[in-house]
file work-v6.cif (mmCIF, C-alpha atoms, pLDDT in the B column; chains and numbers go by the auth columns)
data_start
loop_
_atom_site.group_PDB
_atom_site.id
_atom_site.type_symbol
_atom_site.label_atom_id
_atom_site.label_comp_id
_atom_site.label_asym_id
_atom_site.label_seq_id
_atom_site.Cartn_x
_atom_site.Cartn_y
_atom_site.Cartn_z
_atom_site.B_iso_or_equiv
_atom_site.auth_seq_id
_atom_site.auth_asym_id
ATOM 1 C CA MET A 1 45.836 -4.304 6.249 46.00 1360 A
ATOM 2 C CA ALA A 2 43.360 -1.639 7.347 50.00 1361 A
ATOM 3 C CA SER A 3 39.799 -2.469 8.219 48.00 1362 A
ATOM 4 C CA GLY A 4 37.133 -0.385 6.499 50.00 1363 A
ATOM 5 C CA ALA A 5 34.544 -0.538 9.255 53.00 1364 A
ATOM 6 C CA VAL A 6 31.621 1.797 8.769 52.00 1365 A
ATOM 7 C CA MET A 7 29.961 3.121 11.889 49.00 1366 A
ATOM 8 C CA ALA A 8 26.213 3.444 11.803 53.00 1367 A
ATOM 9 C CA TYR A 9 24.866 6.499 13.540 66.00 1368 A
ATOM 10 C CA ASN A 10 21.345 6.744 14.829 78.00 1369 A
ATOM 11 C CA VAL A 11 20.411 10.015 13.210 83.00 1370 A
ATOM 12 C CA ASP A 12 16.885 11.228 13.796 88.00 1371 A
ATOM 13 C CA PRO A 13 15.671 12.181 10.294 88.00 1372 A
ATOM 14 C CA ILE A 14 13.149 14.620 11.773 90.00 1373 A
ATOM 15 C CA LYS A 15 15.939 16.609 13.407 89.00 1374 A
ATOM 16 C CA ALA A 16 18.374 16.105 10.522 89.00 1375 A
ATOM 17 C CA TYR A 17 15.941 17.652 8.041 89.00 1376 A
ATOM 18 C CA ASN A 18 14.515 20.251 10.479 91.00 1377 A
ATOM 19 C CA CYS A 19 11.064 18.786 9.892 93.00 1378 A
ATOM 20 C CA GLU A 20 9.633 20.244 13.094 89.00 1379 A
ATOM 21 C CA THR A 21 10.484 23.842 12.254 90.00 1380 A
ATOM 22 C CA LYS A 22 9.189 24.245 8.701 90.00 1381 A
ATOM 23 C CA MET A 23 5.480 24.810 9.413 95.00 1382 A
ATOM 24 C CA THR A 24 3.482 27.099 11.671 96.00 1383 A
ATOM 25 C CA LEU A 25 1.821 25.471 14.665 96.00 1384 A
ATOM 26 C CA HIS A 26 -1.581 26.358 13.219 97.00 1385 A
ATOM 27 C CA CYS A 27 -0.862 24.395 10.031 97.00 1386 A
ATOM 28 C CA VAL A 28 0.724 21.494 11.912 96.00 1387 A
ATOM 29 C CA ILE A 29 -2.492 21.116 13.904 96.00 1388 A
ATOM 30 C CA GLU A 30 -4.653 21.461 10.785 97.00 1389 A
ATOM 31 C CA VAL A 31 -2.729 18.784 8.874 97.00 1390 A
ATOM 32 C CA PHE A 32 -2.596 16.511 11.929 97.00 1391 A
ATOM 33 C CA GLN A 33 -6.348 16.745 12.460 97.00 1392 A
ATOM 34 C CA SER A 34 -7.067 16.051 8.807 97.00 1393 A
ATOM 35 C CA ILE A 35 -5.000 12.852 8.965 97.00 1394 A
ATOM 36 C CA PHE A 36 -5.621 11.522 12.476 95.00 1395 A
ATOM 37 C CA LYS A 37 -9.121 12.877 13.102 93.00 1396 A
ATOM 38 C CA THR A 38 -11.389 14.739 10.684 91.00 1397 A
ATOM 39 C CA GLY A 39 -10.932 18.052 8.981 91.00 1398 A
ATOM 40 C CA ILE A 40 -9.649 19.777 5.906 94.00 1399 A
ATOM 41 C CA VAL A 41 -6.380 21.458 5.103 96.00 1400 A
ATOM 42 C CA THR A 42 -6.673 25.042 3.894 96.00 1401 A
ATOM 43 C CA ASP A 43 -4.795 26.219 0.829 95.00 1402 A
ATOM 44 C CA ASN A 44 -2.367 28.252 2.962 96.00 1403 A
ATOM 45 C CA CYS A 45 -1.504 25.206 5.072 97.00 1404 A
ATOM 46 C CA CYS A 46 -1.166 23.106 1.908 96.00 1405 A
ATOM 47 C CA ILE A 47 1.481 25.535 0.707 95.00 1406 A
ATOM 48 C CA GLU A 48 3.309 25.142 4.026 96.00 1407 A
ATOM 49 C CA LEU A 49 3.011 21.353 3.812 96.00 1408 A
ATOM 50 C CA ILE A 50 4.539 21.278 0.339 96.00 1409 A
ATOM 51 C CA GLY A 51 7.299 23.555 1.657 94.00 1410 A
ATOM 52 C CA LEU A 52 7.890 20.987 4.398 95.00 1411 A
ATOM 53 C CA GLY A 53 8.455 18.310 1.761 96.00 1412 A
ATOM 54 C CA GLN A 54 7.090 14.831 1.280 96.00 1413 A
ATOM 55 C CA PHE A 55 9.975 13.185 3.136 96.00 1414 A
ATOM 56 C CA CYS A 56 9.260 15.139 6.332 96.00 1415 A
ATOM 57 C CA HIS A 57 5.500 14.672 5.904 97.00 1416 A
ATOM 58 C CA ASP A 58 5.876 10.894 5.701 97.00 1417 A
ATOM 59 C CA VAL A 59 8.444 10.641 8.510 96.00 1418 A
ATOM 60 C CA LEU A 60 6.300 12.719 10.878 96.00 1419 A
ATOM 61 C CA ILE A 61 3.254 10.528 10.222 96.00 1420 A
ATOM 62 C CA LYS A 62 5.257 7.348 10.833 95.00 1421 A
ATOM 63 C CA LYS A 63 6.804 8.800 13.994 94.00 1422 A
ATOM 64 C CA THR A 64 3.350 9.745 15.309 94.00 1423 A
ATOM 65 C CA LEU A 65 2.104 6.211 14.661 95.00 1424 A
ATOM 66 C CA GLN A 66 4.928 4.904 16.893 93.00 1425 A
ATOM 67 C CA ASN A 67 3.565 6.920 19.825 94.00 1426 A
ATOM 68 C CA PRO A 68 1.609 4.685 22.251 94.00 1427 A
ATOM 69 C CA LEU A 69 -1.249 7.217 22.222 94.00 1428 A
ATOM 70 C CA PHE A 70 -1.880 6.339 18.582 91.00 1429 A
ATOM 71 C CA LYS A 71 -1.364 2.553 18.764 85.00 1430 A
ATOM 72 C CA ASN A 72 -5.064 1.894 18.212 90.00 1431 A
ATOM 73 C CA ASN A 73 -5.140 3.734 14.890 92.00 1432 A
ATOM 74 C CA ASP A 74 -5.310 1.679 11.723 95.00 1433 A
ATOM 75 C CA THR A 75 -1.886 2.290 10.197 95.00 1434 A
ATOM 76 C CA LEU A 76 -3.042 1.686 6.634 96.00 1435 A
ATOM 77 C CA VAL A 77 -5.924 4.149 7.029 96.00 1436 A
ATOM 78 C CA ILE A 78 -3.621 6.818 8.479 97.00 1437 A
ATOM 79 C CA LEU A 79 -0.994 6.341 5.761 97.00 1438 A
ATOM 80 C CA SER A 80 -3.750 6.518 3.144 97.00 1439 A
ATOM 81 C CA ARG A 81 -5.128 9.744 4.635 97.00 1440 A
ATOM 82 C CA GLY A 82 -1.616 11.160 4.737 97.00 1441 A
ATOM 83 C CA ALA A 83 -1.172 10.376 1.047 97.00 1442 A
ATOM 84 C CA GLN A 84 -4.559 11.917 0.233 97.00 1443 A
ATOM 85 C CA VAL A 85 -3.669 15.124 2.075 97.00 1444 A
ATOM 86 C CA TRP A 86 -0.300 15.287 0.320 97.00 1445 A
ATOM 87 C CA ASN A 87 -1.857 14.697 -3.125 96.00 1446 A
ATOM 88 C CA LYS A 88 -4.536 17.332 -2.512 96.00 1447 A
ATOM 89 C CA CYS A 89 -1.902 19.822 -1.415 96.00 1448 A
ATOM 90 C CA THR A 90 0.279 19.219 -4.461 94.00 1449 A
ATOM 91 C CA LEU A 91 -2.715 20.141 -6.620 93.00 1450 A
ATOM 92 C CA VAL A 92 -3.398 23.263 -4.552 88.00 1451 A
ATOM 93 C CA ASN A 93 0.254 24.250 -4.743 78.00 1452 A
ATOM 94 C CA LYS A 94 0.202 24.004 -8.560 80.00 1453 A
ATOM 95 C CA ASP A 95 -2.819 26.309 -8.684 73.00 1454 A
ATOM 96 C CA VAL A 96 -1.231 29.003 -6.519 64.00 1455 A
ATOM 97 C CA SER A 97 0.577 31.768 -8.308 50.00 1456 A
ATOM 98 C CA PRO A 98 4.300 31.848 -7.460 55.00 1457 A
ATOM 99 C CA SER A 99 3.895 35.466 -6.386 49.00 1458 A
ATOM 100 C CA LEU A 100 1.449 34.364 -3.674 50.00 1459 A
ATOM 101 C CA SER A 101 3.567 31.512 -2.386 46.00 1460 A
ATOM 102 C CA PRO A 102 5.698 32.304 0.682 51.00 1461 A
ATOM 103 C CA TYR A 103 8.423 29.930 -0.642 47.00 1462 A
#

call {"tool": "encode", "arguments": {"input": "work-v6.cif", "output": "structure tokens"}}
result
Amino acid sequence: MASGAVMAYNVDPIKAYNCETKMTLHCVIEVFQSIFKTGIVTDNCCIELIGLGQFCHDVLIKKTLQNPLFKNNDTLVILSRGAQVWNKCTLVNKDVSPSLSPY
């Protein structure tokens, strides 16, 4: 009788979904600052963020919160800001003409 053991692999979802390569550095910094500090996300960076996808957006925020440098941040506040940025960007993305979108 054969055993049907399933091996669990530790796959980094950030690498698996190429989350770190889908936005320009400028927009990464802009989104980061708007979530972890203060600032706004421009329409162009919103378009890049939507192109990144909500999965990557959420995973990158959670990964950043695991960094010891950010241990003093209020997790609920950061997750809330992340959701606010995402929601704002989905509205911006709907307003942008498809001919202007780089995606």

call {"tool": "residues_around", "arguments": {"input": "work-v6.cif", "residues": "Thr1401 (chain A)", "least_positions_apart": "3", "cutoff": "12 Å", "atoms": "all atoms listed in the file", "output": "ChimeraX atom specification"}}
result
/A:1385-1390,1392-1393,1398,1404-1408,1444,1447-1448,1451-1452

call {"tool": "atom_distance", "arguments": {"input": "work-v6.cif", "atom1": "CA of Asp1371 (chain A)", "atom2": "CA of Val1418 (chain A)"}}
result
10.0 Å

call {"tool": "resolve_selection", "arguments": {"input": "work-v6.cif", "expression": "the PyMOL selection byres ((chain A and resi 1412) around 12)", "output": "compact mmCIF listing (two decimals) with C-alpha atoms, in the frame of the given file"}}
result
# COMPACT_ATOMS: atom_id res chain seq x y z
CA ILE A 1373 13.15 14.62 11.77
CA TYR A 1376 15.94 17.65 8.04
CA ASN A 1377 14.52 20.25 10.48
CA CYS A 1378 11.06 18.79 9.89
CA GLU A 1379 9.63 20.24 13.09
CA LYS A 1381 9.19 24.24 8.70
CA MET A 1382 5.48 24.81 9.41
CA CYS A 1405 -1.17 23.11 1.91
CA ILE A 1406 1.48 25.54 0.71
CA GLU A 1407 3.31 25.14 4.03
CA LEU A 1408 3.01 21.35 3.81
CA ILE A 1409 4.54 21.28 0.34
CA GLY A 1410 7.30 23.56 1.66
CA LEU A 1411 7.89 20.99 4.40
CA GLN A 1413 7.09 14.83 1.28
CA PHE A 1414 9.98 13.18 3.14
CA CYS A 1415 9.26 15.14 6.33
CA HIS A 1416 5.50 14.67 5.90
CA ASP A 1417 5.88 10.89 5.70
CA VAL A 1418 8.44 10.64 8.51
CA LEU A 1419 6.30 12.72 10.88
CA TRP A 1445 -0.30 15.29 0.32
CA ASN A 1446 -1.86 14.70 -3.12
CA CYS A 1448 -1.90 19.82 -1.42
CA THR A 1449 0.28 19.22 -4.46
CA TYR A 1462 8.42 29.93 -0.64

call {"tool": "atom_distance", "arguments": {"input": "work-v6.cif", "atom1": "CA of Asn1426 (chain A)", "atom2": "CA of Asn1403 (chain A)"}}
result
27.8 Å

call {"tool": "atom_distance", "arguments": {"input": "work-v6.cif", "atom1": "CA of Leu1435 (chain A)", "atom2": "CA of Asp1454 (chain A)"}}
result
29.0 Å

call {"tool": "closest_residue", "arguments": {"input": "work-v6.cif", "among": "A:Ala1442, A:Val1370, A:Val1400, A:Leu1384", "to": "Ile1420 (chain A)", "atoms": "all atoms listed in the file"}}
result
A:Ala1442

call {"tool": "closest_residue", "arguments": {"input": "work-v6.cif", "among": "A:Phe1395, A:Ala1375, A:Thr1423, A:Lys1453", "to": "Ser1439 (chain A)", "atoms": "all atoms listed in the file"}}
result
A:Phe1395

call {"tool": "axis_aligned_box", "arguments": {"input": "work-v6.cif", "around": "region 1386-1398 of chain A", "padding_each_side": "3 Å", "output": "JSON"}}
result
{"center_x": -5.3, "center_y": 18.0, "center_z": 11.4, "size_x": 18.1, "size_y": 18.9, "size_z": 11.1}

call {"tool": "decode", "arguments": {"input": "work-v6.cif", "residues": "region 1403-1439 of chain A", "atoms": "N, CA and C atoms", "output": "PDB file, in the first residue's frame"}}
result
ATOM      1  N   ASN A1403      -0.594  57.968 -10.984  1.00  0.00           N
ATOM      2  CA  ASN A1403       0.303  57.068 -11.723  1.00  0.00           C
ATOM      3  C   ASN A1403       0.760  55.895 -10.855  1.00  0.00           C
ATOM      4  N   CYS A1404       1.074  56.172  -9.588  1.00  0.00           N
ATOM      5  CA  CYS A1404       1.500  55.094  -8.698  1.00  0.00           C
ATOM      6  C   CYS A1404       0.322  54.212  -8.303  1.00  0.00           C
ATOM      7  N   CYS A1405      -0.882  54.773  -8.264  1.00  0.00           N
ATOM      8  CA  CYS A1405      -2.075  53.950  -8.027  1.00  0.00           C
ATOM      9  C   CYS A1405      -2.242  52.929  -9.149  1.00  0.00           C
ATOM     10  N   ILE A1406      -2.020  53.367 -10.364  1.00  0.00           N
ATOM     11  CA  ILE A1406      -2.136  52.454 -11.506  1.00  0.00           C
ATOM     12  C   ILE A1406      -1.116  51.325 -11.372  1.00  0.00           C
ATOM     13  N   GLU A1407       0.104  51.666 -10.955  1.00  0.00           N
ATOM     14  CA  GLU A1407       1.123  50.633 -10.751  1.00  0.00           C
ATOM     15  C   GLU A1407       0.721  49.688  -9.619  1.00  0.00           C
ATOM     16  N   LEU A1408       0.154  50.251  -8.542  1.00  0.00           N
ATOM     17  CA  LEU A1408      -0.251  49.429  -7.412  1.00  0.00           C
ATOM     18  C   LEU A1408      -1.335  48.430  -7.818  1.00  0.00           C
ATOM     19  N   ILE A1409      -2.300  48.879  -8.578  1.00  0.00           N
ATOM     20  CA  ILE A1409      -3.356  47.977  -9.042  1.00  0.00           C
ATOM     21  C   ILE A1409      -2.752  46.908  -9.962  1.00  0.00           C
ATOM     22  N   GLY A1410      -1.769  47.304 -10.770  1.00  0.00           N
ATOM     23  CA  GLY A1410      -1.066  46.330 -11.608  1.00  0.00           C
ATOM     24  C   GLY A1410      -0.320  45.294 -10.779  1.00  0.00           C
ATOM     25  N   LEU A1411       0.158  45.709  -9.613  1.00  0.00           N
ATOM     26  CA  LEU A1411       0.834  44.796  -8.694  1.00  0.00           C
ATOM     27  C   LEU A1411      -0.146  43.727  -8.213  1.00  0.00           C
ATOM     28  N   GLY A1412      -1.357  44.147  -7.915  1.00  0.00           N
ATOM     29  CA  GLY A1412      -2.385  43.220  -7.432  1.00  0.00           C
ATOM     30  C   GLY A1412      -2.544  43.278  -5.926  1.00  0.00           C
ATOM     31  N   GLN A1413      -3.762  43.018  -5.479  1.00  0.00           N
ATOM     32  CA  GLN A1413      -4.059  43.118  -4.057  1.00  0.00           C
ATOM     33  C   GLN A1413      -3.315  42.060  -3.239  1.00  0.00           C
ATOM     34  N   PHE A1414      -3.147  40.874  -3.798  1.00  0.00           N
ATOM     35  CA  PHE A1414      -2.419  39.828  -3.077  1.00  0.00           C
ATOM     36  C   PHE A1414      -1.013  40.304  -2.721  1.00  0.00           C
ATOM     37  N   CYS A1415      -0.276  40.790  -3.713  1.00  0.00           N
ATOM     38  CA  CYS A1415       1.093  41.262  -3.472  1.00  0.00           C
ATOM     39  C   CYS A1415       1.099  42.452  -2.516  1.00  0.00           C
ATOM     40  N   HIS A1416       0.163  43.369  -2.700  1.00  0.00           N
ATOM     41  CA  HIS A1416       0.055  44.541  -1.825  1.00  0.00           C
ATOM     42  C   HIS A1416      -0.066  44.091  -0.366  1.00  0.00           C
ATOM     43  N   ASP A1417      -0.982  43.183  -0.105  1.00  0.00           N
ATOM     44  CA  ASP A1417      -1.217  42.720   1.262  1.00  0.00           C
ATOM     45  C   ASP A1417      -0.027  41.944   1.821  1.00  0.00           C
ATOM     46  N   VAL A1418       0.558  41.075   1.002  1.00  0.00           N
ATOM     47  CA  VAL A1418       1.699  40.269   1.456  1.00  0.00           C
ATOM     48  C   VAL A1418       2.903  41.151   1.778  1.00  0.00           C
ATOM     49  N   LEU A1419       3.139  42.168   0.960  1.00  0.00           N
ATOM     50  CA  LEU A1419       4.277  43.065   1.206  1.00  0.00           C
ATOM     51  C   LEU A1419       4.087  43.866   2.490  1.00  0.00           C
ATOM     52  N   ILE A1420       2.863  44.293   2.759  1.00  0.00           N
ATOM     53  CA  ILE A1420       2.602  45.012   4.019  1.00  0.00           C
ATOM     54  C   ILE A1420       2.851  44.085   5.201  1.00  0.00           C
ATOM     55  N   LYS A1421       2.321  42.881   5.144  1.00  0.00           N
ATOM     56  CA  LYS A1421       2.492  41.930   6.253  1.00  0.00           C
ATOM     57  C   LYS A1421       3.954  41.563   6.453  1.00  0.00           C
ATOM     58  N   LYS A1422       4.683  41.399   5.362  1.00  0.00           N
ATOM     59  CA  LYS A1422       6.116  41.086   5.453  1.00  0.00           C
ATOM     60  C   LYS A1422       6.882  42.246   6.097  1.00  0.00           C
ATOM     61  N   THR A1423       6.538  43.464   5.734  1.00  0.00           N
ATOM     62  CA  THR A1423       7.188  44.641   6.327  1.00  0.00           C
ATOM     63  C   THR A1423       6.914  44.703   7.821  1.00  0.00           C
ATOM     64  N   LEU A1424       5.698  44.383   8.226  1.00  0.00           N
ATOM     65  CA  LEU A1424       5.355  44.407   9.651  1.00  0.00           C
ATOM     66  C   LEU A1424       6.130  43.368  10.454  1.00  0.00           C
ATOM     67  N   GLN A1425       6.642  42.323   9.801  1.00  0.00           N
ATOM     68  CA  GLN A1425       7.446  41.307  10.481  1.00  0.00           C
ATOM     69  C   GLN A1425       8.880  41.776  10.728  1.00  0.00           C
ATOM     70  N   ASN A1426       9.296  42.832  10.034  1.00  0.00           N
ATOM     71  CA  ASN A1426      10.641  43.361  10.183  1.00  0.00           C
ATOM     72  C   ASN A1426      10.769  44.021  11.559  1.00  0.00           C
ATOM     73  N   PRO A1427      11.831  43.708  12.306  1.00  0.00           N
ATOM     74  CA  PRO A1427      12.008  44.301  13.640  1.00  0.00           C
ATOM     75  C   PRO A1427      11.994  45.839  13.645  1.00  0.00           C
ATOM     76  N   LEU A1428      12.376  46.457  12.536  1.00  0.00           N
ATOM     77  CA  LEU A1428      12.363  47.921  12.475  1.00  0.00           C
ATOM     78  C   LEU A1428      10.949  48.494  12.579  1.00  0.00           C
ATOM     79  N   PHE A1429       9.952  47.668  12.288  1.00  0.00           N
ATOM     80  CA  PHE A1429       8.578  48.143  12.283  1.00  0.00           C
ATOM     81  C   PHE A1429       7.739  47.508  13.393  1.00  0.00           C
ATOM     82  N   LYS A1430       8.402  46.897  14.386  1.00  0.00           N
ATOM     83  CA  LYS A1430       7.685  46.193  15.450  1.00  0.00           C
ATOM     84  C   LYS A1430       6.862  47.128  16.332  1.00  0.00           C
ATOM     85  N   ASN A1431       7.216  48.394  16.370  1.00  0.00           N
ATOM     86  CA  ASN A1431       6.480  49.340  17.203  1.00  0.00           C
ATOM     87  C   ASN A1431       5.268  49.948  16.511  1.00  0.00           C
ATOM     88  N   ASN A1432       5.056  49.608  15.251  1.00  0.00           N
ATOM     89  CA  ASN A1432       3.881  50.112  14.543  1.00  0.00           C
ATOM     90  C   ASN A1432       2.637  49.363  15.004  1.00  0.00           C
ATOM     91  N   ASP A1433       1.537  50.069  15.042  1.00  0.00           N
ATOM     92  CA  ASP A1433       0.250  49.454  15.362  1.00  0.00           C
ATOM     93  C   ASP A1433      -0.224  48.692  14.125  1.00  0.00           C
ATOM     94  N   THR A1434      -0.229  47.378  14.218  1.00  0.00           N
ATOM     95  CA  THR A1434      -0.559  46.532  13.073  1.00  0.00           C
ATOM     96  C   THR A1434      -1.923  46.864  12.492  1.00  0.00           C
ATOM     97  N   LEU A1435      -2.910  47.054  13.349  1.00  0.00           N
ATOM     98  CA  LEU A1435      -4.259  47.345  12.861  1.00  0.00           C
ATOM     99  C   LEU A1435      -4.314  48.672  12.114  1.00  0.00           C
ATOM    100  N   VAL A1436      -3.574  49.663  12.581  1.00  0.00           N
ATOM    101  CA  VAL A1436      -3.528  50.961  11.903  1.00  0.00           C
ATOM    102  C   VAL A1436      -2.870  50.804  10.530  1.00  0.00           C
ATOM    103  N   ILE A1437      -1.767  50.078  10.476  1.00  0.00           N
ATOM    104  CA  ILE A1437      -1.057  49.888   9.206  1.00  0.00           C
ATOM    105  C   ILE A1437      -1.919  49.108   8.220  1.00  0.00           C
ATOM    106  N   LEU A1438      -2.549  48.040   8.667  1.00  0.00           N
ATOM    107  CA  LEU A1438      -3.424  47.271   7.769  1.00  0.00           C
ATOM    108  C   LEU A1438      -4.599  48.115   7.287  1.00  0.00           C
ATOM    109  N   SER A1439      -5.116  48.970   8.152  1.00  0.00           N
ATOM    110  CA  SER A1439      -6.206  49.865   7.773  1.00  0.00           C
ATOM    111  C   SER A1439      -5.744  50.877   6.726  1.00  0.00           C
TER     112      SER A1439
END
